[in-house]
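S.K.: My structure file target-v9.tsv, TSV, C-alpha atoms and all ligand atoms, is below:
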```tsv
chain	number	residue	atom	x	y	z
A	1	MET	CA	108.36	-37.49	-38.44
A	2	GLU	CA	105.10	-36.10	-39.57
A	3	PHE	CA	102.07	-35.93	-37.38
A	4	PRO	CA	98.62	-36.43	-38.67
A	5	THR	CA	96.75	-33.23	-38.87
A	6	LEU	CA	93.61	-32.52	-36.96
A	7	SER	CA	91.57	-32.52	-40.07
A	8	PHE	CA	92.66	-36.09	-40.71
A	9	TYR	CA	91.48	-37.20	-37.27
A	10	ALA	CA	88.31	-35.26	-37.60
A	11	PHE	CA	87.56	-36.83	-40.90
A	12	ASN	CA	88.21	-40.33	-39.66
A	13	PHE	CA	86.17	-39.74	-36.57
A	14	LEU	CA	83.24	-38.39	-38.49
A	15	HIS	CA	83.52	-41.23	-40.90
A	16	LEU	CA	83.30	-43.72	-38.04
A	17	LEU	CA	80.37	-41.94	-36.52
A	18	TYR	CA	78.54	-41.90	-39.79
A	19	TYR	CA	78.88	-45.66	-40.22
A	20	ARG	CA	77.87	-46.38	-36.64
A	21	HIS	CA	74.84	-44.27	-37.11
A	22	ILE	CA	73.85	-46.05	-40.29
A	23	GLY	CA	74.68	-49.39	-38.74
A	24	ASP	CA	72.41	-48.72	-35.76
A	25	SER	CA	69.55	-47.58	-37.87
A	26	LEU	CA	69.99	-50.66	-40.11
A	27	LEU	CA	69.74	-52.99	-37.15
A	28	ALA	CA	66.48	-51.40	-36.25
A	29	ARG	CA	64.70	-52.38	-39.47
A	30	PHE	CA	62.90	-55.67	-39.99
A	31	CYS	CA	61.10	-57.35	-42.84
A	32	PRO	CA	57.38	-57.07	-42.05
A	33	ASN	CA	56.73	-60.45	-43.72
A	34	CYS	CA	59.18	-62.76	-42.01
A	35	GLY	CA	60.88	-60.63	-39.36
A	36	THR	CA	64.38	-60.90	-40.83
A	37	GLU	CA	66.69	-58.10	-39.65
A	38	GLU	CA	68.21	-55.90	-42.22
A	39	THR	CA	72.01	-55.99	-42.46
A	40	ARG	CA	74.43	-53.90	-44.41
A	41	GLU	CA	75.07	-56.83	-46.75
A	42	ARG	CA	71.40	-57.53	-47.13
A	43	PRO	CA	69.48	-54.25	-47.18
A	44	LEU	CA	65.69	-54.24	-47.34
A	45	ILE	CA	64.23	-53.58	-50.76
A	46	GLU	CA	60.93	-51.73	-50.89
A	47	GLY	CA	60.53	-52.57	-47.21
A	48	LEU	CA	61.03	-56.32	-47.68
A	49	CYS	CA	63.95	-58.58	-46.92
A	50	GLN	CA	65.85	-59.96	-49.88
A	51	THR	CA	64.09	-63.33	-49.77
A	52	CYS	CA	60.60	-61.93	-49.39
A	53	PHE	CA	61.30	-59.46	-52.15
A	54	THR	CA	62.09	-62.25	-54.62
A	55	LEU	CA	58.90	-64.02	-53.61
A	56	GLU	CA	56.74	-60.89	-53.77
A	57	TYR	CA	58.11	-59.77	-57.11
A	58	PRO	CA	58.90	-62.89	-59.17
A	59	LEU	CA	61.21	-62.69	-62.13
A	60	LEU	CA	59.02	-64.87	-64.28
A	61	GLU	CA	55.36	-65.72	-64.61
A	62	VAL	CA	54.64	-69.11	-66.18
A	63	PRO	CA	51.21	-70.69	-66.76
A	64	LYS	CA	50.60	-74.18	-65.38
A	65	GLU	CA	49.25	-75.57	-68.66
A	66	ILE	CA	49.40	-74.50	-72.28
A	67	PHE	CA	47.10	-76.00	-74.91
A	68	LEU	CA	48.12	-76.52	-78.50
A	69	GLU	CA	47.00	-78.44	-81.57
A	70	ALA	CA	49.26	-80.31	-83.95
A	71	CYS	CA	48.47	-82.18	-87.16
A	72	PHE	CA	49.72	-85.75	-86.98
A	73	ASN	CA	49.75	-85.90	-90.73
A	74	CYS	CA	51.76	-82.88	-91.89
A	75	ALA	CA	53.13	-82.05	-88.42
A	76	SER	CA	52.15	-78.39	-88.59
A	77	TYR	CA	50.91	-76.90	-85.36
A	78	LYS	CA	48.40	-74.29	-84.39
A	79	TRP	CA	49.56	-71.30	-82.42
A	80	LYS	CA	47.29	-68.33	-81.73
A	81	GLY	CA	44.79	-69.47	-84.33
A	82	LYS	CA	47.35	-69.96	-87.09
A	83	TRP	CA	48.78	-73.18	-88.49
A	84	VAL	CA	52.58	-72.96	-88.44
A	85	GLN	CA	54.88	-75.06	-90.61
A	86	PRO	CA	57.49	-76.56	-88.27
A	87	LYS	CA	61.23	-76.36	-88.82
A	88	ALA	CA	61.76	-79.81	-87.34
A	89	VAL	CA	61.27	-82.90	-89.47
A	90	LYS	CA	60.61	-85.72	-87.04
A	91	PHE	CA	57.23	-85.74	-85.37
A	92	ASN	CA	58.62	-85.80	-81.84
A	93	ASP	CA	60.93	-82.89	-82.65
A	94	VAL	CA	57.98	-80.96	-84.05
A	95	LEU	CA	56.02	-81.43	-80.83
A	96	GLN	CA	59.06	-80.25	-78.91
A	97	GLU	CA	59.47	-77.24	-81.18
A	98	ALA	CA	55.81	-76.31	-80.74
A	99	ALA	CA	56.00	-76.81	-76.99
A	100	ILE	CA	59.09	-74.61	-76.61
A	101	LEU	CA	57.60	-71.88	-78.79
A	102	ALA	CA	54.41	-71.95	-76.76
A	103	VAL	CA	56.37	-71.61	-73.52
A	104	GLU	CA	58.58	-68.83	-74.86
A	105	LYS	CA	55.54	-66.86	-75.94
A	106	SER	CA	53.56	-67.53	-72.77
A	107	ILE	CA	56.07	-66.62	-70.07
A	108	LYS	CA	56.25	-63.08	-68.72
A	109	LEU	CA	59.55	-61.62	-67.59
A	110	ALA	CA	59.52	-58.89	-64.91
A	111	LYS	CA	59.90	-55.36	-66.30
A	112	ASN	CA	63.31	-54.43	-64.92
A	113	ALA	CA	64.87	-57.85	-65.19
A	114	LYS	CA	68.63	-57.84	-65.63
A	115	LYS	CA	71.34	-60.46	-66.01
A	116	THR	CA	68.63	-63.02	-66.73
A	117	ARG	CA	69.16	-66.55	-67.83
A	118	ILE	CA	66.13	-68.63	-68.74
A	119	SER	CA	66.23	-72.28	-69.68
A	120	ILE	CA	63.35	-74.25	-71.14
A	121	GLU	CA	63.81	-78.00	-71.00
A	122	PRO	CA	61.26	-80.38	-72.41
A	123	SER	CA	61.19	-83.85	-70.96
A	124	PHE	CA	59.98	-86.62	-73.19
A	125	SER	CA	58.96	-89.21	-70.71
A	126	GLU	CA	55.48	-88.98	-72.08
A	127	ILE	CA	54.59	-88.45	-75.68
A	128	ALA	CA	51.74	-89.04	-78.09
A	129	ARG	CA	50.33	-92.35	-77.06
A	130	ALA	CA	47.75	-92.92	-79.69
A	131	LEU	CA	46.84	-91.64	-83.07
A	132	ARG	CA	44.20	-88.91	-82.87
A	133	ALA	CA	44.93	-88.44	-79.22
A	134	LYS	CA	46.91	-86.15	-77.01
A	135	ALA	CA	50.57	-85.56	-76.41
A	136	ILE	CA	51.55	-84.17	-73.05
A	137	ILE	CA	54.99	-82.66	-72.83
A	138	PRO	CA	56.10	-81.61	-69.36
A	139	ILE	CA	58.54	-78.71	-69.53
A	140	LYS	CA	60.83	-77.31	-66.88
A	141	VAL	CA	61.49	-73.60	-66.95
A	142	LYS	CA	64.38	-72.27	-64.90
A	143	ALA	CA	65.04	-68.56	-64.51
A	144	TYR	CA	67.92	-66.65	-62.94
A	145	GLY	CA	68.36	-62.89	-62.67
A	146	VAL	CA	67.70	-59.71	-60.70
A	147	ILE	CA	65.05	-57.04	-61.00
A	148	HIS	CA	66.34	-54.50	-58.47
A	149	PRO	CA	69.87	-53.04	-58.18
A	150	ALA	CA	69.93	-53.59	-54.40
A	151	GLN	CA	69.25	-57.32	-54.79
A	152	LYS	CA	72.04	-59.40	-53.32
A	153	ILE	CA	70.21	-62.70	-53.73
A	154	PRO	CA	69.31	-63.22	-57.35
A	155	HIS	CA	66.09	-64.92	-58.30
A	156	GLU	CA	66.43	-68.62	-58.92
A	157	GLU	CA	63.03	-69.79	-60.01
A	158	GLU	CA	61.83	-73.12	-61.31
A	159	PHE	CA	58.50	-73.88	-62.92
A	160	GLU	CA	56.81	-76.92	-64.36
A	161	VAL	CA	54.40	-76.46	-67.21
A	162	ASP	CA	52.46	-79.10	-69.12
A	163	ILE	CA	52.09	-78.54	-72.82
A	164	ILE	CA	48.98	-80.39	-73.85
A	165	ILE	CA	48.92	-80.99	-77.57
A	166	ASP	CA	45.79	-82.26	-79.25
A	167	LEU	CA	46.77	-84.38	-82.22
A	168	VAL	CA	44.34	-83.62	-85.01
A	169	THR	CA	44.16	-83.40	-88.77
A	170	CYS	CA	44.70	-79.84	-89.88
A	171	PRO	CA	42.10	-78.39	-92.28
A	172	LYS	CA	44.55	-78.57	-95.18
A	173	CYS	CA	45.28	-82.25	-94.62
A	174	SER	CA	41.73	-83.36	-94.00
A	175	LYS	CA	40.74	-81.77	-97.27
A	176	ALA	CA	43.62	-83.34	-99.14
A	177	ALA	CA	43.56	-86.73	-97.45
A	178	ARG	CA	40.33	-87.93	-99.03
A	179	LYS	CA	41.84	-87.81	-102.48
A	180	GLU	CA	45.55	-87.92	-102.02
A	181	TYR	CA	46.06	-91.53	-101.09
A	182	GLN	CA	49.07	-93.26	-102.58
A	183	ALA	CA	48.13	-96.89	-102.25
A	184	ILE	CA	45.25	-99.20	-101.43
A	185	LEU	CA	45.81	-102.04	-99.03
A	186	GLN	CA	43.26	-104.70	-99.80
A	187	ILE	CA	42.50	-107.55	-97.41
A	188	ARG	CA	40.52	-110.55	-98.62
A	189	ALA	CA	40.19	-114.20	-97.68
A	190	ASP	CA	40.15	-117.21	-99.96
A	191	GLU	CA	36.65	-118.64	-100.50
A	192	ARG	CA	35.27	-117.02	-97.37
A	193	LYS	CA	34.74	-113.75	-95.54
A	194	LEU	CA	37.18	-112.35	-93.03
A	195	THR	CA	36.52	-113.60	-89.54
A	196	ASP	CA	35.69	-111.06	-86.82
A	197	PHE	CA	39.03	-111.88	-85.26
A	198	GLU	CA	40.92	-111.22	-88.48
A	199	ASN	CA	38.96	-108.03	-89.12
A	200	LYS	CA	39.67	-106.65	-85.66
A	201	THR	CA	43.29	-107.81	-85.49
A	202	ILE	CA	44.14	-106.38	-88.91
A	203	LYS	CA	42.51	-103.02	-88.16
A	204	ASN	CA	44.43	-102.78	-84.89
A	205	LEU	CA	47.67	-103.80	-86.57
A	206	VAL	CA	47.29	-101.23	-89.36
A	207	THR	CA	46.47	-98.40	-86.94
A	208	ALA	CA	49.30	-99.27	-84.56
A	209	GLU	CA	51.91	-99.55	-87.34
A	210	ILE	CA	50.81	-96.30	-88.98
A	211	GLU	CA	51.09	-94.62	-85.62
A	212	LYS	CA	54.70	-95.82	-85.41
A	213	PHE	CA	55.46	-94.40	-88.86
A	214	ALA	CA	53.78	-91.12	-87.88
A	215	LYS	CA	55.94	-90.85	-84.79
A	216	LYS	CA	59.01	-91.25	-86.96
A	217	GLY	CA	57.76	-88.29	-88.96
A	218	ASP	CA	56.68	-90.16	-92.09
A	219	PRO	CA	54.42	-87.76	-94.02
A	220	GLY	CA	52.56	-90.66	-95.63
A	221	ALA	CA	51.58	-92.20	-92.32
A	222	PHE	CA	47.85	-91.74	-92.51
A	223	ILE	CA	44.72	-93.63	-93.42
A	224	SER	CA	42.83	-91.54	-95.88
A	225	GLU	CA	39.85	-93.84	-95.85
A	226	LEU	CA	38.80	-97.29	-94.72
A	227	GLU	CA	36.19	-99.16	-96.69
A	228	GLU	CA	34.61	-102.14	-94.97
A	229	LYS	CA	33.10	-104.32	-97.64
A	230	ALA	CA	31.35	-107.66	-97.45
A	231	GLU	CA	34.37	-109.27	-99.09
A	232	GLY	CA	36.99	-107.58	-96.93
A	233	LEU	CA	38.80	-104.37	-96.02
A	234	ASP	CA	40.21	-101.61	-98.24
A	235	PHE	CA	42.58	-99.17	-96.60
A	236	TYR	CA	43.41	-96.03	-98.59
A	237	LEU	CA	46.88	-95.14	-97.39
A	238	GLY	CA	49.16	-92.16	-97.73
A	239	SER	CA	52.19	-94.20	-98.66
A	240	LEU	CA	53.03	-97.19	-100.82
A	241	HIS	CA	55.97	-98.31	-98.73
A	242	ILE	CA	53.77	-98.38	-95.62
A	243	ALA	CA	51.18	-100.41	-97.54
A	244	LYS	CA	53.91	-102.90	-98.50
A	245	TYR	CA	55.21	-103.04	-94.97
A	246	LEU	CA	51.70	-103.70	-93.65
A	247	VAL	CA	50.90	-106.44	-96.14
A	248	ASN	CA	54.05	-108.24	-95.05
A	249	SER	CA	53.14	-107.91	-91.37
A	250	ILE	CA	49.67	-109.29	-92.06
A	251	GLN	CA	51.10	-112.15	-94.10
A	252	ALA	CA	53.52	-113.04	-91.31
A	253	LYS	CA	50.61	-113.34	-88.91
A	254	PHE	CA	47.93	-114.99	-91.01
A	255	GLY	CA	49.65	-116.41	-94.07
A	256	GLY	CA	48.09	-115.83	-97.47
A	257	LYS	CA	49.12	-114.69	-100.90
A	258	MET	CA	50.24	-111.16	-101.69
A	259	LYS	CA	49.81	-109.31	-104.93
A	260	GLU	CA	50.63	-105.88	-106.24
A	261	THR	CA	48.93	-104.10	-109.12
A	262	SER	CA	49.37	-100.58	-110.44
A	263	ARG	CA	47.18	-98.54	-112.67
A	264	GLN	CA	47.56	-95.10	-114.12
A	265	THR	CA	45.19	-92.66	-112.53
A	266	GLY	CA	46.22	-89.47	-114.28
A	267	TRP	CA	49.07	-87.11	-114.78
A	268	ASP	CA	51.27	-85.35	-112.29
A	269	ARG	CA	51.10	-81.86	-113.79
A	270	ASN	CA	53.98	-80.50	-111.74
A	271	LYS	CA	56.38	-83.22	-112.73
A	272	GLY	CA	54.89	-83.97	-116.13
A	273	ARG	CA	54.71	-87.72	-115.65
A	274	LYS	CA	52.16	-90.45	-115.28
A	275	LEU	CA	50.55	-90.85	-111.92
A	276	TYR	CA	50.11	-94.38	-110.63
A	277	ARG	CA	48.15	-95.78	-107.78
A	278	THR	CA	49.12	-99.17	-106.50
A	279	THR	CA	46.92	-101.76	-104.88
A	280	VAL	CA	48.72	-104.09	-102.55
A	281	SER	CA	46.51	-107.01	-101.70
A	282	ILE	CA	46.56	-110.11	-99.60
A	283	ARG	CA	44.30	-113.11	-99.83
A	284	LEU	CA	44.22	-114.90	-96.51
A	285	PRO	CA	44.12	-118.69	-96.73
A	286	ALA	CA	40.78	-120.48	-96.66
A	287	PHE	CA	42.12	-122.33	-93.62
A	288	ARG	CA	41.32	-120.91	-90.22
A	289	VAL	CA	42.33	-122.05	-86.76
A	290	LYS	CA	40.02	-124.92	-85.63
A	291	ASP	CA	39.12	-125.85	-89.22
A	292	PHE	CA	39.85	-129.41	-90.40
A	293	PHE	CA	41.93	-130.83	-93.22
A	294	GLU	CA	42.79	-134.28	-94.43
A	295	TYR	CA	46.44	-135.19	-94.63
A	296	ARG	CA	47.57	-138.67	-95.69
A	297	GLY	CA	44.26	-140.24	-94.85
A	298	ALA	CA	43.85	-138.71	-91.40
A	299	ILE	CA	41.68	-135.81	-90.30
A	300	HIS	CA	43.55	-133.01	-88.56
A	301	ARG	CA	42.35	-129.94	-86.75
A	302	ILE	CA	44.30	-126.69	-87.25
A	303	GLU	CA	45.71	-125.67	-83.90
A	304	GLU	CA	47.83	-122.74	-85.02
A	305	LEU	CA	48.71	-120.93	-88.20
A	306	ASP	CA	51.01	-118.13	-89.29
A	307	GLY	CA	52.84	-116.88	-92.34
A	308	GLN	CA	55.07	-119.93	-92.55
A	309	LYS	CA	53.07	-122.97	-91.53
A	310	ILE	CA	50.06	-124.54	-89.96
A	311	ILE	CA	50.10	-126.86	-86.99
A	312	GLY	CA	47.57	-129.67	-87.25
A	313	LEU	CA	46.37	-132.12	-84.63
A	314	ASN	CA	45.64	-135.66	-85.75
A	315	LEU	CA	42.18	-136.32	-84.28
A	316	LEU	CA	42.91	-139.99	-83.74
A	317	THR	CA	46.53	-140.21	-82.65
A	318	ARG	CA	46.56	-136.72	-81.10
A	319	GLU	CA	49.92	-136.15	-82.73
A	320	LYS	CA	50.82	-132.70	-83.92
A	321	ILE	CA	52.10	-132.03	-87.40
A	322	PHE	CA	53.85	-128.96	-88.84
A	323	LEU	CA	53.01	-128.24	-92.45
A	324	PRO	CA	54.68	-125.38	-94.34
A	325	TRP	CA	52.35	-123.51	-96.71
A	326	LYS	CA	54.57	-124.59	-99.61
A	327	GLN	CA	53.84	-128.22	-98.84
A	328	ILE	CA	50.13	-127.52	-98.43
A	329	GLU	CA	50.15	-126.01	-101.88
A	330	ARG	CA	52.31	-128.72	-103.43
A	331	GLU	CA	50.22	-131.56	-102.02
A	332	LYS	CA	47.01	-129.66	-102.67
A	333	ILE	CA	45.82	-130.17	-99.10
A	334	GLN	CA	42.31	-128.86	-98.74
A	335	LEU	CA	39.77	-128.12	-96.09
A	336	ALA	CA	37.84	-131.19	-95.01
A	337	ALA	CA	35.44	-129.41	-92.69
A	338	LYS	CA	34.92	-126.07	-91.07
A	339	ARG	CA	34.96	-125.28	-87.41
A	340	GLU	CA	31.24	-124.58	-87.58
A	341	ASP	CA	30.68	-128.24	-88.50
A	342	VAL	CA	31.59	-129.46	-85.01
A	343	GLN	CA	28.58	-130.85	-83.14
A	344	SER	CA	28.01	-132.34	-79.76
A	345	ALA	CA	26.87	-135.92	-79.33
A	346	LEU	CA	26.18	-138.39	-76.53
A	347	VAL	CA	28.37	-141.36	-75.75
A	348	SER	CA	26.20	-144.45	-75.47
A	349	ALA	CA	28.82	-147.13	-74.74
A	350	VAL	CA	32.56	-147.40	-74.08
A	351	THR	CA	35.03	-150.24	-74.74
A	352	PRO	CA	38.85	-150.10	-74.40
A	353	ASP	CA	39.40	-149.15	-78.04
A	354	LYS	CA	35.97	-148.12	-79.26
A	355	LEU	CA	33.27	-145.64	-78.41
A	356	GLN	CA	29.67	-145.82	-79.32
A	357	ILE	CA	28.13	-142.47	-80.07
A	358	LEU	CA	24.60	-141.47	-80.89
A	359	ASP	CA	24.43	-139.78	-84.23
A	360	PRO	CA	23.19	-136.27	-83.38
A	361	LYS	CA	20.80	-136.34	-86.31
A	362	THR	CA	19.45	-139.86	-86.43
A	363	TYR	CA	20.19	-140.93	-82.83
A	364	GLN	CA	21.46	-144.21	-84.24
A	365	PRO	CA	24.43	-145.64	-82.31
A	366	ILE	CA	27.62	-145.47	-84.35
A	367	ASP	CA	30.95	-147.08	-83.55
A	368	VAL	CA	33.78	-144.60	-83.44
A	369	GLN	CA	37.51	-145.16	-83.12
A	370	ARG	CA	38.56	-144.01	-79.72
A	371	PRO	CA	41.31	-141.35	-79.69
A	372	LYS	CA	44.31	-142.57	-77.71
A	373	SER	CA	44.39	-139.67	-75.31
A	374	LEU	CA	40.74	-139.93	-74.40
A	375	ILE	CA	40.74	-141.40	-70.92
A	376	GLY	CA	38.08	-141.54	-68.25
A	377	ILE	CA	35.29	-141.29	-70.79
A	378	LYS	CA	31.96	-142.70	-69.66
A	379	ALA	CA	28.63	-143.45	-71.25
A	380	SER	CA	26.09	-140.60	-71.27
A	381	LYS	CA	28.88	-138.02	-71.49
A	382	GLU	CA	28.74	-135.37	-74.20
A	383	LEU	CA	31.55	-135.03	-76.73
A	384	SER	CA	32.41	-132.64	-79.54
A	385	ILE	CA	32.34	-134.61	-82.74
A	386	LEU	CA	32.84	-134.04	-86.42
A	387	LYS	CA	30.95	-135.96	-89.01
A	388	ILE	CA	32.51	-136.21	-92.44
A	389	ASP	CA	30.43	-138.28	-94.83
A	390	LYS	CA	29.41	-141.20	-92.62
A	391	THR	CA	32.42	-141.22	-90.37
A	392	ILE	CA	32.34	-139.63	-86.94
A	393	TYR	CA	35.52	-138.25	-85.42
A	394	VAL	CA	35.89	-137.27	-81.81
A	395	VAL	CA	37.16	-133.70	-81.62
A	396	GLU	CA	37.24	-133.17	-77.88
B	1	ZN	ZN	61.19	-61.40	-45.33
B	2	ZN	ZN	48.19	-81.26	-91.67
```
Once more with this new file: its structure as C-alpha cells, please.

M.R.:
Amino acid sequence: MEFPTLSFYAFNFLHLLYYRHIGDSLLARFCPNCGTEETRERPLIEGLCQTCFTLEYPLLEVPKEIFLEACFNCASYKWKGKWVQPKAVKFNDVLQEAAILAVEKSIKLAKNAKKTRISIEPSFSEIARALRAKAIIPIKVKAYGVIHPAQKIPHEEEFEVDIIIDLVTCPKCSKAARKEYQAILQIRADERKLTDFENKTIKNLVTAEIEKFAKKGDPGAFISELEEKAEGLDFYLGSLHIAKYLVNSIQAKFGGKMKETSRQTGWDRNKGRKLYRTTVSIRLPAFRVKDFFEYRGAIHRIEELDGQKIIGLNLLTREKIFLPWKQIEREKIQLAAKREDVQSALVSAVTPDKLQILDPKTYQPIDVQRPKSLIGIKASKELSILKIDKTIYVVE
C-alpha cells in the first residue's frame, strides 16, 4: 500500500487555502449600482455586477426613428442623399428593403462584441395609407451577444424603431412624368357638364384605384397630369391598362358609353417602332339622379342609376320601375325635365282624388291628379311640383 507523500498533502492543503481566500474576498465585493454580491460564477466586470454591466455597456445602439424618402412611382428610395434603385419589385417589399437597410446602417454594435446575433424584423401592420403621404414601418431589432470575456449573462436586447418613409416623386420621375404618360382617361357627360358629385366621386375613385395599383408595385400607377376643363376631366395616366380598368369602374357606377382611340405620337427610337397614345373615354348619360323621363305616357323621376340600369319612380302611381340602359336606348327614352325644374307651389284645395294647386307663375288654381301615396295633405301646404307643358305633377 502506498501512502500519499507530504508534498501531495501540502499541495492539496495550499490549494484549498487558496480557494478559500479567493472565495472570502469574492464575497466581500458588491456591485455599487444595485448591491448584488459577487460570486465565483458571476464575477464583477469593471466593478459592476453582470446585469448592471450589460445595462451600462449595451451591445447595440438603435435610434428611435429613422427618416427616409421613397418614390411611389419608380419605387427608388433615398438614403444618405442618394436615390437607390431597389432590388425588390413590389412596392411594399421596396419599403421593407429600404427600412431594413436604414436600420442596418443606423445601428451601432459595441466595439468588442462577440458571438452576436442580430435580427431585424419589420412588421407591416401599418403601411402607406395614401398616395403622396407617409409610410410608417415599425421594426423590431433583437440583439444577442457578449462584449467582455468574463460575461456570464449575454446581452439580450430588444429595440423598437419606427422607419418613417415620406412617399414622394423622385426628381427623375417628376421630370419624366409630365411627358411620359401612356394614356388619357377622358370623362365627359352627354349634353351637359359633369355634376359636382360626379367630378368629386370620379377624382376620388381614380386616386384611390391608382393608389392600389401603386401598392402592388405597378410602375404605371401615376397621374402625370389632370386637366379640369369646362366639358369634363382629362387624366394623363402612366398606364393604358389602368386607364381601361378605371373607365370600367366609372361606367359601372355611372353608366355611359366608353370609347377608345389611338393615335401615333412619334417613334420609339430604342425599339424602332411607332409610338401610340390611347385615349380611353367615357360619356356619362344625360340622365342624372332626380331628373325626369317619360316612359309609356307617365312621368318618372330617376331614383337611382348605375352601369346597368336606372330606377324610376312613377310620379302618379308611386311605383318603381327598373329600366336597363339597353331598353332606354332601344325605346329612345329621353329626359322630360331636369331636377332643376322642380318648383314649390301652394295647395289651394284638396278632394279625395284631386288637388288644386296654385301655379307658381300665374297663381291660377290648377287641378292636379293626386298621387296615391299622398295622404294627410291639406290646403295651404307647400309641395314640390314639376310643370311640363301645361301639366303639373306632384313630385313630393
Ligand atoms: Zn448591479
Ligand atoms: Zn421615381

S.K.: Between A:Thr51, A:Ser373, A:Thr39, A:Gln151, which is the closest to ligand ZN 1 (chain B) once you count only C-alpha atoms and all ligand atoms?

M.R.: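 Checking each of A:Thr51, A:Ser373, A:Thr39, A:Gln151 against ligand ZN 1 (chain B), counting only C-alpha atoms and all ligand atoms, the winner is A:Thr51.
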
S.K.: Return as a tab-separated table the residues of chain A lying at most 8 Å from ligand ZN 2 (chain B), together with the closest atom-to-atom pair for each and the distance in Å to one decimal, counting all atoms listed in the file, with rows in chain order and ascending residue number.

M.R.:
```
residue	atom	partner	partner_atom	distance
A:Ala70	CA	B:ZN2	ZN	7.9
A:Cys71	CA	B:ZN2	ZN	4.6
A:Phe72	CA	B:ZN2	ZN	6.7
A:Asn73	CA	B:ZN2	ZN	5.0
A:Cys74	CA	B:ZN2	ZN	3.9
A:Ala75	CA	B:ZN2	ZN	6.0
A:Ser76	CA	B:ZN2	ZN	5.8
A:Thr169	CA	B:ZN2	ZN	5.4
A:Cys170	CA	B:ZN2	ZN	4.2
A:Pro171	CA	B:ZN2	ZN	6.8
A:Lys172	CA	B:ZN2	ZN	5.7
A:Cys173	CA	B:ZN2	ZN	4.3
A:Ser174	CA	B:ZN2	ZN	7.2
```

S.K.: Collect all residues with atoms no farther than 7 Å from ligand ZN 1 (chain B), counting only C-alpha atoms and all ligand atoms, and output them as a PDB file with C-alpha atoms, in the frame of the given file.

M.R.:
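Result went into out-v3.pdb, see below:
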```
ATOM      1  CA  CYS A  31      61.100 -57.350 -42.840  1.00  0.00           C
ATOM      2  CA  PRO A  32      57.380 -57.070 -42.050  1.00  0.00           C
ATOM      3  CA  ASN A  33      56.730 -60.450 -43.720  1.00  0.00           C
ATOM      4  CA  CYS A  34      59.180 -62.760 -42.010  1.00  0.00           C
ATOM      5  CA  GLY A  35      60.880 -60.630 -39.360  1.00  0.00           C
ATOM      6  CA  THR A  36      64.380 -60.900 -40.830  1.00  0.00           C
ATOM      7  CA  LEU A  48      61.030 -56.320 -47.680  1.00  0.00           C
ATOM      8  CA  CYS A  49      63.950 -58.580 -46.920  1.00  0.00           C
ATOM      9  CA  GLN A  50      65.850 -59.960 -49.880  1.00  0.00           C
ATOM     10  CA  THR A  51      64.090 -63.330 -49.770  1.00  0.00           C
ATOM     11  CA  CYS A  52      60.600 -61.930 -49.390  1.00  0.00           C
TER      12      CYS A  52
END
```

S.K.: Find the residues near Pro149 in chain A: any atom within 12 Å, counting all atoms listed in the file, skip ones fewer than 2 places away on the same chain, and give them as a PyMOL selection string.

M.R.: chain A and resi 43-46+50+112-115+145-147+151-154

S.K.: Neighbours of Gly297 in chain A within 12 Å (all atoms listed in the file; same-chain residues fewer than 2 positions away dropped), as JSON, numbers by chain?

M.R.: {"A": [293, 294, 295, 299, 300, 314, 315, 316, 333, 336]}

S.K.: Could you please fill out range 316-325 of chain A with N, CA, C and O atoms and send it back as a PDB file, in the frame of the given file?

M.R.:
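Output contents, as saved in result_13.pdb:
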```
ATOM      1  N   LEU A 316      42.885-138.650 -84.283  1.00  0.00           N
ATOM      2  CA  LEU A 316      42.910-139.990 -83.740  1.00  0.00           C
ATOM      3  C   LEU A 316      44.137-140.251 -82.868  1.00  0.00           C
ATOM      4  O   LEU A 316      44.018-140.695 -81.727  1.00  0.00           O
ATOM      5  N   THR A 317      45.301-139.926 -83.407  1.00  0.00           N
ATOM      6  CA  THR A 317      46.530-140.210 -82.650  1.00  0.00           C
ATOM      7  C   THR A 317      46.890-139.070 -81.706  1.00  0.00           C
ATOM      8  O   THR A 317      47.724-139.222 -80.830  1.00  0.00           O
ATOM      9  N   ARG A 318      46.276-137.938 -81.884  1.00  0.00           N
ATOM     10  CA  ARG A 318      46.560-136.720 -81.100  1.00  0.00           C
ATOM     11  C   ARG A 318      47.994-136.253 -81.296  1.00  0.00           C
ATOM     12  O   ARG A 318      48.565-135.602 -80.430  1.00  0.00           O
ATOM     13  N   GLU A 319      48.570-136.621 -82.425  1.00  0.00           N
ATOM     14  CA  GLU A 319      49.920-136.150 -82.730  1.00  0.00           C
ATOM     15  C   GLU A 319      49.826-134.829 -83.498  1.00  0.00           C
ATOM     16  O   GLU A 319      48.915-134.636 -84.306  1.00  0.00           O
ATOM     17  N   LYS A 320      50.808-133.984 -83.230  1.00  0.00           N
ATOM     18  CA  LYS A 320      50.820-132.700 -83.920  1.00  0.00           C
ATOM     19  C   LYS A 320      51.718-132.771 -85.143  1.00  0.00           C
ATOM     20  O   LYS A 320      52.729-133.462 -85.139  1.00  0.00           O
ATOM     21  N   ILE A 321      51.315-132.031 -86.167  1.00  0.00           N
ATOM     22  CA  ILE A 321      52.100-132.030 -87.400  1.00  0.00           C
ATOM     23  C   ILE A 321      52.319-130.587 -87.855  1.00  0.00           C
ATOM     24  O   ILE A 321      51.428-129.759 -87.723  1.00  0.00           O
ATOM     25  N   PHE A 322      53.531-130.298 -88.311  1.00  0.00           N
ATOM     26  CA  PHE A 322      53.850-128.960 -88.840  1.00  0.00           C
ATOM     27  C   PHE A 322      53.844-129.048 -90.355  1.00  0.00           C
ATOM     28  O   PHE A 322      54.571-129.855 -90.925  1.00  0.00           O
ATOM     29  N   LEU A 323      53.050-128.231 -90.989  1.00  0.00           N
ATOM     30  CA  LEU A 323      53.010-128.240 -92.450  1.00  0.00           C
ATOM     31  C   LEU A 323      53.299-126.843 -92.991  1.00  0.00           C
ATOM     32  O   LEU A 323      52.519-125.922 -92.754  1.00  0.00           O
ATOM     33  N   PRO A 324      54.421-126.687 -93.718  1.00  0.00           N
ATOM     34  CA  PRO A 324      54.680-125.380 -94.340  1.00  0.00           C
ATOM     35  C   PRO A 324      53.659-125.125 -95.457  1.00  0.00           C
ATOM     36  O   PRO A 324      53.180-126.075 -96.093  1.00  0.00           O
ATOM     37  N   TRP A 325      53.336-123.852 -95.661  1.00  0.00           N
ATOM     38  CA  TRP A 325      52.350-123.510 -96.710  1.00  0.00           C
ATOM     39  C   TRP A 325      52.765-124.064 -98.068  1.00  0.00           C
ATOM     40  O   TRP A 325      51.911-124.438 -98.869  1.00  0.00           O
TER      41      TRP A 325
END
```
